[in-house]
file start-v6.cif (mmCIF, C-alpha atoms and all ligand atoms)
data_run
loop_
_atom_site.group_PDB
_atom_site.id
_atom_site.type_symbol
_atom_site.label_atom_id
_atom_site.label_comp_id
_atom_site.auth_asym_id
_atom_site.auth_seq_id
_atom_site.Cartn_x
_atom_site.Cartn_y
_atom_site.Cartn_z
ATOM 1 C CA MET A 1 0.000 0.000 0.000
ATOM 2 C CA SER A 2 1.327 3.434 -0.834
ATOM 3 C CA LEU A 3 2.119 5.887 1.949
ATOM 4 C CA PHE A 4 -0.796 8.046 0.851
ATOM 5 C CA LEU A 5 -3.236 5.158 1.112
ATOM 6 C CA ILE A 6 -1.882 4.167 4.549
ATOM 7 C CA LYS A 7 -2.360 7.753 5.770
ATOM 8 C CA LEU A 8 -5.845 7.869 4.283
ATOM 9 C CA LYS A 9 -6.710 4.553 5.949
ATOM 10 C CA ASN A 10 -5.476 5.867 9.323
ATOM 11 C CA ILE A 11 -7.502 9.071 8.969
ATOM 12 C CA VAL A 12 -10.645 7.098 8.163
ATOM 13 C CA LEU A 13 -10.008 4.713 11.080
ATOM 14 C CA ASP A 14 -9.459 7.671 13.441
ATOM 15 C CA ILE A 15 -12.787 9.169 12.396
ATOM 16 C CA LEU A 16 -14.659 5.895 12.747
ATOM 17 C CA PHE A 17 -12.852 4.764 15.902
ATOM 18 C CA PRO A 18 -11.305 7.799 17.576
ATOM 19 C CA PRO A 19 -8.261 6.791 19.660
ATOM 20 C CA ILE A 20 -9.080 6.773 23.369
ATOM 21 C CA CYS A 21 -6.996 6.458 26.517
ATOM 22 C CA VAL A 22 -7.057 2.877 27.864
ATOM 23 C CA ASN A 23 -7.128 4.239 31.389
ATOM 24 C CA CYS A 24 -9.650 7.109 31.479
ATOM 25 C CA HIS A 25 -11.304 6.529 28.073
ATOM 26 C CA LYS A 26 -10.895 10.172 27.118
ATOM 27 C CA THR A 27 -10.434 10.817 23.386
ATOM 28 C CA LEU A 28 -6.749 11.403 22.770
ATOM 29 C CA THR A 29 -5.545 14.727 21.425
ATOM 30 C CA ASN A 30 -3.591 14.767 18.191
ATOM 31 C CA ALA A 31 -0.359 15.427 20.062
ATOM 32 C CA GLU A 32 -0.915 12.430 22.351
ATOM 33 C CA ASN A 33 -1.914 10.329 19.436
ATOM 34 C CA ASP A 34 1.119 11.267 17.374
ATOM 35 C CA ALA A 35 3.791 11.082 20.044
ATOM 36 C CA ASP A 36 5.743 7.895 19.450
ATOM 37 C CA LEU A 37 5.778 6.958 23.129
ATOM 38 C CA ARG A 38 2.089 7.282 23.696
ATOM 39 C CA GLY A 39 0.905 5.556 20.580
ATOM 40 C CA LYS A 40 -2.856 5.613 20.584
ATOM 41 C CA PHE A 41 -3.295 4.297 24.061
ATOM 42 C CA ILE A 42 -2.785 6.618 26.956
ATOM 43 C CA CYS A 43 -3.298 10.289 27.651
ATOM 44 C CA GLU A 44 -0.698 12.601 29.112
ATOM 45 C CA GLN A 45 -2.474 12.956 32.483
ATOM 46 C CA CYS A 46 -2.782 9.199 33.015
ATOM 47 C CA LEU A 47 0.832 8.630 31.987
ATOM 48 C CA ASN A 48 1.927 11.215 34.545
ATOM 49 C CA LEU A 49 0.107 9.375 37.311
ATOM 50 C CA ILE A 50 2.444 6.361 37.106
ATOM 51 C CA LYS A 51 4.858 6.300 40.062
ATOM 52 C CA LEU A 52 8.202 4.735 39.280
ATOM 53 C CA ASN A 53 10.337 2.970 41.867
ATOM 54 C CA ASN A 54 13.918 4.090 42.368
ATOM 55 C CA THR A 55 15.614 1.021 43.836
ATOM 56 C CA LEU A 56 16.062 -2.682 43.264
ATOM 57 C CA PHE A 57 14.220 -5.070 45.596
ATOM 58 C CA CYS A 58 14.698 -8.321 47.449
ATOM 59 C CA PRO A 59 12.462 -10.844 45.635
ATOM 60 C CA ILE A 60 11.799 -12.711 48.893
ATOM 61 C CA CYS A 61 10.907 -10.046 51.459
ATOM 62 C CA ARG A 62 10.438 -7.203 48.900
ATOM 63 C CA ALA A 63 12.750 -4.924 50.881
ATOM 64 C CA ARG A 64 13.963 -1.905 48.960
ATOM 65 C CA LEU A 65 17.666 -2.328 48.311
ATOM 66 C CA ALA A 66 18.553 1.309 48.535
ATOM 67 C CA GLU A 67 21.913 2.986 48.576
ATOM 68 C CA ASN A 68 24.597 1.324 50.698
ATOM 69 C CA LYS A 69 22.129 -1.241 51.923
ATOM 70 C CA LYS A 70 23.384 -4.790 51.639
ATOM 71 C CA ILE A 71 21.505 -7.331 49.586
ATOM 72 C CA CYS A 72 19.188 -9.445 51.744
ATOM 73 C CA SER A 73 21.118 -12.496 52.862
ATOM 74 C CA HIS A 74 18.344 -14.901 51.867
ATOM 75 C CA SER A 75 17.943 -13.842 48.240
ATOM 76 C CA TYR A 76 20.212 -15.128 45.522
ATOM 77 C CA TYR A 77 19.019 -12.757 42.822
ATOM 78 C CA LEU A 78 17.782 -9.168 42.619
ATOM 79 C CA LEU A 79 14.387 -7.892 41.559
ATOM 80 C CA ALA A 80 14.174 -4.812 39.352
ATOM 81 C CA ALA A 81 10.546 -3.661 39.293
ATOM 82 C CA ALA A 82 9.742 -0.406 37.519
ATOM 83 C CA GLY A 83 6.457 0.129 39.336
ATOM 84 C CA ASN A 84 3.952 -1.501 41.620
ATOM 85 C CA TYR A 85 1.003 -3.594 40.620
ATOM 86 C CA ASP A 86 -1.360 -1.609 42.852
ATOM 87 C CA ASP A 87 -0.662 1.444 40.673
ATOM 88 C CA PRO A 88 -4.037 1.559 38.869
ATOM 89 C CA VAL A 89 -2.690 3.061 35.635
ATOM 90 C CA LEU A 90 0.150 0.590 35.359
ATOM 91 C CA GLN A 91 -2.177 -2.278 36.202
ATOM 92 C CA ASN A 92 -4.527 -1.156 33.466
ATOM 93 C CA LEU A 93 -1.749 -0.906 30.863
ATOM 94 C CA ILE A 94 -0.462 -4.371 31.789
ATOM 95 C CA HIS A 95 -3.972 -5.782 31.652
ATOM 96 C CA TYR A 96 -4.493 -4.522 28.098
ATOM 97 C CA PHE A 97 -1.009 -5.625 27.074
ATOM 98 C CA LYS A 98 -1.210 -9.098 28.524
ATOM 99 C CA TYR A 99 -4.819 -10.185 28.482
ATOM 100 C CA LYS A 100 -6.283 -8.129 25.667
ATOM 101 C CA SER A 101 -3.285 -8.601 23.382
ATOM 102 C CA PHE A 102 -2.584 -4.897 22.825
ATOM 103 C CA GLU A 103 0.812 -5.621 21.341
ATOM 104 C CA ASN A 104 1.328 -1.944 20.501
ATOM 105 C CA LEU A 105 1.577 -1.091 24.201
ATOM 106 C CA ALA A 106 5.052 -2.704 24.229
ATOM 107 C CA PRO A 107 6.947 0.508 23.310
ATOM 108 C CA ILE A 108 5.448 2.551 26.118
ATOM 109 C CA LEU A 109 5.943 -0.216 28.709
ATOM 110 C CA GLY A 110 9.480 -0.681 27.404
ATOM 111 C CA LYS A 111 10.162 3.030 27.844
ATOM 112 C CA ILE A 112 8.889 2.822 31.410
ATOM 113 C CA LEU A 113 11.386 0.004 32.099
ATOM 114 C CA ILE A 114 14.235 1.939 30.500
ATOM 115 C CA LYS A 115 13.369 5.060 32.441
ATOM 116 C CA TYR A 116 13.302 3.132 35.712
ATOM 117 C CA LEU A 117 16.643 1.424 35.047
ATOM 118 C CA SER A 118 18.231 4.678 33.957
ATOM 119 C CA ASN A 119 17.049 6.458 37.092
ATOM 120 C CA LEU A 120 18.338 3.897 39.581
ATOM 121 C CA SER A 121 20.412 5.946 41.888
ATOM 122 C CA PHE A 122 22.252 4.250 44.722
ATOM 123 C CA THR A 123 25.370 2.466 45.761
ATOM 124 C CA ILE A 124 25.143 -1.282 45.805
ATOM 125 C CA ASN A 125 27.446 -3.690 47.577
ATOM 126 C CA GLN A 126 27.175 -7.200 46.289
ATOM 127 C CA GLN A 127 29.859 -9.851 46.468
ATOM 128 C CA GLY A 128 32.469 -7.187 46.937
ATOM 129 C CA GLN A 129 31.330 -5.349 43.850
ATOM 130 C CA LYS A 130 30.629 -1.695 44.324
ATOM 131 C CA ALA A 131 28.888 0.412 41.747
ATOM 132 C CA ILE A 132 27.362 3.812 41.956
ATOM 133 C CA PHE A 133 24.426 4.404 39.712
ATOM 134 C CA ARG A 134 23.606 7.721 38.315
ATOM 135 C CA ARG A 135 20.381 9.195 37.200
ATOM 136 C CA GLU A 136 20.478 9.533 33.450
ATOM 137 C CA ALA A 137 18.152 11.875 31.680
ATOM 138 C CA LEU A 138 16.830 10.188 28.581
ATOM 139 C CA GLY A 139 14.872 13.182 27.525
ATOM 140 C CA ALA A 140 11.767 11.046 27.283
ATOM 141 C CA LEU A 141 8.921 10.759 29.748
ATOM 142 C CA PRO A 142 10.362 13.433 32.061
ATOM 143 C CA SER A 143 7.224 13.508 34.128
ATOM 144 C CA LEU A 144 7.739 9.902 35.154
ATOM 145 C CA VAL A 145 10.667 10.897 37.362
ATOM 146 C CA SER A 146 9.242 11.013 40.845
ATOM 147 C CA GLU A 147 10.071 13.832 43.202
ATOM 148 C CA ARG A 148 11.278 11.202 45.640
ATOM 149 C CA SER A 149 13.856 9.874 43.206
ATOM 150 C CA LYS A 150 15.108 13.401 42.577
ATOM 151 C CA GLU A 151 15.497 13.946 46.314
ATOM 152 C CA SER A 152 17.229 10.638 46.864
ATOM 153 C CA ALA A 153 19.647 11.328 43.995
ATOM 154 C CA GLU A 154 20.505 14.633 45.599
ATOM 155 C CA ARG A 155 20.977 12.959 49.007
ATOM 156 C CA GLU A 156 23.184 10.343 47.405
ATOM 157 C CA ARG A 157 25.268 13.018 45.724
ATOM 158 C CA ARG A 158 25.775 14.883 48.992
ATOM 159 C CA ARG A 159 26.569 11.715 50.942
ATOM 160 C CA ALA A 160 29.045 10.571 48.294
ATOM 161 C CA ALA A 161 30.702 13.978 48.396
ATOM 162 C CA THR A 162 31.087 13.979 52.199
ATOM 163 C CA ALA A 163 32.186 10.335 52.354
ATOM 164 C CA GLY A 164 34.776 10.874 49.651
ATOM 165 C CA VAL A 165 33.281 8.140 47.476
ATOM 166 C CA ALA A 166 34.362 8.100 43.837
ATOM 167 C CA ALA A 167 33.283 11.382 42.338
ATOM 168 C CA THR A 168 32.613 9.895 38.912
ATOM 169 C CA PRO A 169 29.552 7.704 39.028
ATOM 170 C CA VAL A 170 29.395 4.539 36.997
ATOM 171 C CA LEU A 171 26.904 4.802 34.174
ATOM 172 C CA ILE A 172 24.097 2.308 34.241
ATOM 173 C CA GLU A 173 25.109 1.263 30.725
ATOM 174 C CA ARG A 174 28.588 0.369 31.930
ATOM 175 C CA TRP A 175 27.291 -1.573 34.893
ATOM 176 C CA LEU A 176 24.871 -3.519 32.687
ATOM 177 C CA SER A 177 27.407 -4.147 29.963
ATOM 178 C CA GLY A 178 28.304 -7.637 31.188
ATOM 179 C CA TYR A 179 24.705 -8.820 31.189
ATOM 180 C CA LEU A 180 22.675 -10.920 28.770
ATOM 181 C CA ILE A 181 18.945 -10.355 28.419
ATOM 182 C CA VAL A 182 16.825 -13.492 28.622
ATOM 183 C CA PRO A 183 13.019 -13.309 28.305
ATOM 184 C CA ILE A 184 10.728 -15.694 30.182
ATOM 185 C CA PRO A 185 9.327 -17.817 27.354
ATOM 186 C CA LEU A 186 5.703 -18.694 26.763
ATOM 187 C CA HIS A 187 4.698 -22.155 25.666
ATOM 188 C CA PRO A 188 4.513 -22.065 21.827
ATOM 189 C CA GLY A 189 0.785 -22.885 21.997
ATOM 190 C CA ARG A 190 0.089 -19.960 24.330
ATOM 191 C CA GLU A 191 2.224 -17.643 22.211
ATOM 192 C CA ARG A 192 0.228 -18.562 19.115
ATOM 193 C CA GLU A 193 -2.995 -17.840 20.985
ATOM 194 C CA ARG A 194 -1.855 -14.398 22.147
ATOM 195 C CA GLY A 195 0.074 -13.607 18.986
ATOM 196 C CA PHE A 196 3.217 -12.507 20.823
ATOM 197 C CA ASN A 197 5.299 -13.118 23.923
ATOM 198 C CA GLN A 198 4.916 -9.998 26.067
ATOM 199 C CA ALA A 199 8.157 -10.668 27.995
ATOM 200 C CA LYS A 200 10.103 -11.013 24.753
ATOM 201 C CA LEU A 201 8.833 -7.690 23.389
ATOM 202 C CA LEU A 202 9.931 -5.919 26.592
ATOM 203 C CA ALA A 203 13.268 -7.771 26.515
ATOM 204 C CA GLU A 204 13.886 -6.694 22.902
ATOM 205 C CA ILE A 205 13.222 -3.028 23.671
ATOM 206 C CA THR A 206 15.527 -3.065 26.709
ATOM 207 C CA ALA A 207 18.272 -4.977 24.893
ATOM 208 C CA ARG A 208 18.160 -2.544 21.983
ATOM 209 C CA HIS A 209 18.289 0.508 24.235
ATOM 210 C CA PHE A 210 21.209 -0.664 26.393
ATOM 211 C CA ASN A 211 22.909 -2.455 23.524
ATOM 212 C CA LEU A 212 22.891 -5.817 25.296
ATOM 213 C CA PRO A 213 22.715 -9.255 23.703
ATOM 214 C CA LEU A 214 19.332 -10.953 23.873
ATOM 215 C CA ILE A 215 19.310 -14.717 24.096
ATOM 216 C CA ASP A 216 16.262 -16.957 24.007
ATOM 217 C CA GLY A 217 18.037 -19.130 26.534
ATOM 218 C CA LEU A 218 14.986 -20.781 28.045
ATOM 219 C CA LYS A 219 12.393 -23.092 26.574
ATOM 220 C CA ARG A 220 8.957 -23.713 28.049
ATOM 221 C CA ILE A 221 8.388 -27.434 27.942
ATOM 222 C CA LYS A 222 5.066 -27.612 29.804
ATOM 223 C CA ASN A 223 1.897 -25.811 28.773
ATOM 224 C CA ASN A 224 0.869 -25.209 32.356
ATOM 225 C CA LYS A 225 -2.200 -23.310 33.533
ATOM 226 C CA PRO A 226 -1.783 -19.522 33.632
ATOM 227 C CA GLN A 227 -0.353 -18.684 37.065
ATOM 228 C CA ALA A 228 -2.856 -15.836 37.476
ATOM 229 C CA LYS A 229 -5.657 -18.413 37.684
ATOM 230 C CA LEU A 230 -4.068 -20.048 40.734
ATOM 231 C CA LYS A 231 -4.399 -18.113 43.960
ATOM 232 C CA ASP A 232 -2.606 -20.553 46.213
ATOM 233 C CA PHE A 233 1.192 -20.111 46.425
ATOM 234 C CA GLU A 234 1.873 -23.853 46.818
ATOM 235 C CA LYS A 235 -0.254 -24.591 43.736
ATOM 236 C CA ARG A 236 1.661 -21.977 41.758
ATOM 237 C CA ILE A 237 4.978 -23.580 42.667
ATOM 238 C CA LYS A 238 3.680 -27.032 41.716
ATOM 239 C CA ASN A 239 2.181 -25.685 38.485
ATOM 240 C CA ILE A 240 5.419 -24.080 37.327
ATOM 241 C CA SER A 241 7.825 -26.756 38.538
ATOM 242 C CA GLY A 242 9.796 -28.371 35.688
ATOM 243 C CA CYS A 243 8.382 -25.870 33.202
ATOM 244 C CA PHE A 244 11.647 -24.612 31.760
ATOM 245 C CA GLU A 245 14.588 -26.143 30.012
ATOM 246 C CA ILE A 246 17.887 -24.536 29.006
ATOM 247 C CA LYS A 247 18.354 -24.430 25.237
ATOM 248 C CA ASN A 248 22.137 -24.435 25.260
ATOM 249 C CA PRO A 249 24.059 -24.564 28.566
ATOM 250 C CA ASN A 250 27.101 -22.944 26.924
ATOM 251 C CA PHE A 251 25.131 -19.721 26.377
ATOM 252 C CA ILE A 252 24.310 -19.518 30.085
ATOM 253 C CA LYS A 253 27.399 -20.781 31.871
ATOM 254 C CA GLY A 254 29.162 -18.024 33.805
ATOM 255 C CA LYS A 255 26.951 -15.300 32.292
ATOM 256 C CA ASN A 256 25.264 -12.509 34.208
ATOM 257 C CA ILE A 257 21.622 -12.444 33.218
ATOM 258 C CA ILE A 258 18.728 -10.012 33.241
ATOM 259 C CA LEU A 259 15.649 -12.170 33.188
ATOM 260 C CA VAL A 260 12.646 -10.295 31.798
ATOM 261 C CA ASP A 261 8.972 -10.850 32.562
ATOM 262 C CA ASP A 262 5.926 -8.577 32.708
ATOM 263 C CA VAL A 263 4.910 -8.871 36.372
ATOM 264 C CA PHE A 264 6.243 -10.352 39.594
ATOM 265 C CA THR A 265 3.443 -11.607 41.847
ATOM 266 C CA SER A 266 4.124 -14.800 43.818
ATOM 267 C CA GLY A 267 7.542 -15.017 42.161
ATOM 268 C CA ALA A 268 7.010 -18.721 41.422
ATOM 269 C CA THR A 269 7.681 -18.395 37.655
ATOM 270 C CA ILE A 270 10.831 -16.331 38.046
ATOM 271 C CA ASN A 271 12.114 -18.470 40.942
ATOM 272 C CA GLU A 272 11.787 -21.547 38.739
ATOM 273 C CA ALA A 273 13.592 -19.841 35.836
ATOM 274 C CA VAL A 274 16.350 -18.630 38.188
ATOM 275 C CA ARG A 275 16.657 -22.141 39.624
ATOM 276 C CA ILE A 276 17.266 -23.714 36.212
ATOM 277 C CA LEU A 277 19.647 -20.919 35.159
ATOM 278 C CA LYS A 278 21.645 -21.258 38.390
ATOM 279 C CA LYS A 279 21.694 -25.055 37.977
ATOM 280 C CA ASN A 280 23.373 -24.388 34.643
ATOM 281 C CA CYS A 281 26.019 -22.193 36.286
ATOM 282 C CA ALA A 282 24.636 -18.741 35.431
ATOM 283 C CA GLY A 283 26.375 -15.832 37.174
ATOM 284 C CA LYS A 284 24.483 -12.954 38.772
ATOM 285 C CA ILE A 285 20.782 -12.668 37.980
ATOM 286 C CA ILE A 286 18.493 -9.655 38.018
ATOM 287 C CA ALA A 287 14.803 -10.330 37.378
ATOM 288 C CA MET A 288 13.292 -7.299 35.660
ATOM 289 C CA VAL A 289 9.565 -6.626 35.457
ATOM 290 C CA ILE A 290 7.164 -3.767 34.792
ATOM 291 C CA ALA A 291 5.445 -4.188 38.142
ATOM 292 C CA LYS A 292 5.627 -6.203 41.329
ATOM 293 C CA THR A 293 2.912 -6.856 43.877
HETATM 294 ZN ZN ZN B 301 -6.206 8.944 30.356
HETATM 295 ZN ZN ZN B 302 14.922 -10.070 51.697
#
call {"tool": "encode", "arguments": {"input": "start-v6.cif", "output": "structure tokens", "more": "lines below"}}
Ligand SMILES: [Zn+2]
Ligand SMILES: [Zn+2]
result
Amino acid sequence: MSLFLIKLKNIVLDILFPPICVNCHKTLTNAENDADLRGKFICEQCLNLIKLNNTLFCPICRARLAENKKICSHSYYLLAAAGNYDDPVLQNLIHYFKYKSFENLAPILGKILIKYLSNLSFTINQQGQKAIFRREALGALPSLVSERSKESAERERRRAATAGVAATPVLIERWLSGYLIVPIPLHPGRERERGFNQAKLLAEITARHFNLPLIDGLKRIKNNKPQAKLKDFEKRIKNISGCFEIKNPNFIKGKNIILVDDVFTSGATINEAVRILKKNCAGKIIAMVIAKT
């Protein structure tokens, strides 16, 4: 189809089905509709309501792993969660993305992940490794930076200055440079049903932005029931157990991995993926999601 016909088709579609915000159902303005981040899905006001986290978390007790705070002794991987599942706007976006197959929401959710990662601002001490993160302005989604994260960045800067800590912070890109991105796979049958793997789309966007290799390192070998349908934690563990297989152990061995999924609720799916990765001698693991409960 020629460009003219595509434009004409879009104009006709916009007249027949005016783009509305998935959250408040308001008709989107032209600017909101045209902006590449917003697509045709969310209005400026709703987007601004999303509160981003500014730390990593312990996946077991959910403690915030803020600056200079040691990793919880009982967790063997870190949780990077951009927001919280009780954030109604984020919950709504995820719902449309995951259960209503709004594939085109991937770019905006991906940007939210990138913004969160780029704004992590703390000193982390893990296995003797010390890295100072710095807030990095991406220029996009400026309103998603919470006041709290601005304050904590300022506090961190002052503390670092008084403590004589390295004056040049390590860029998030440099810290992530040793990592591979691995998406949580869907069973091929489920992926066909939905039309896409939501975790893979988010993984691709993050990998592209931070210039990291993406490896489909895991295979789903059981078409288990969706975890969301099981309320009981024990049932979730049983349901997911033995679900994953490593495609090629050589791709995993000794590698630091960012495991990507959409949400972290009971943690059963990610725990199982981490277990099989660790069994195959993976290095450090960060589980990254849009939202945690
Ligand atoms: Zn709205
Ligand atoms: Zn903990």
call {"tool": "residues_near_ligand", "arguments": {"input": "start-v6.cif", "ligand": "ligand ZN 301 (chain B)", "cutoff": "6 Å", "atoms": "all atoms listed in the file", "output": "list in words"}}
result
Cys21, Asn23, Cys24, Lys26, Ile42, Cys43, Gln45 and Cys46 of chain A
call {"tool": "resolve_selection", "arguments": {"input": "start-v6.cif", "expression": "the PyMOL selection byres (((not hetatm)) within 8 of (chain B and resi 302))", "output": "PyMOL selection string"}}
result
chain A and resi 57-63+71-75
call {"tool": "atom_distance", "arguments": {"input": "start-v6.cif", "atom1": "CA of Lys284 (chain A)", "atom2": "CA of Asp232 (chain A)"}}
result
29.1 Å
call {"tool": "residues_around", "arguments": {"input": "start-v6.cif", "residues": "Leu113 (chain A)", "least_positions_apart": "4", "cutoff": "10 Å", "atoms": "only C-alpha atoms", "output": "count of residues only"}}
result
19
call {"tool": "atom_distance", "arguments": {"input": "start-v6.cif", "atom1": "CA of Glu103 (chain A)", "atom2": "CA of Pro18 (chain A)"}}
result
18.5 Å
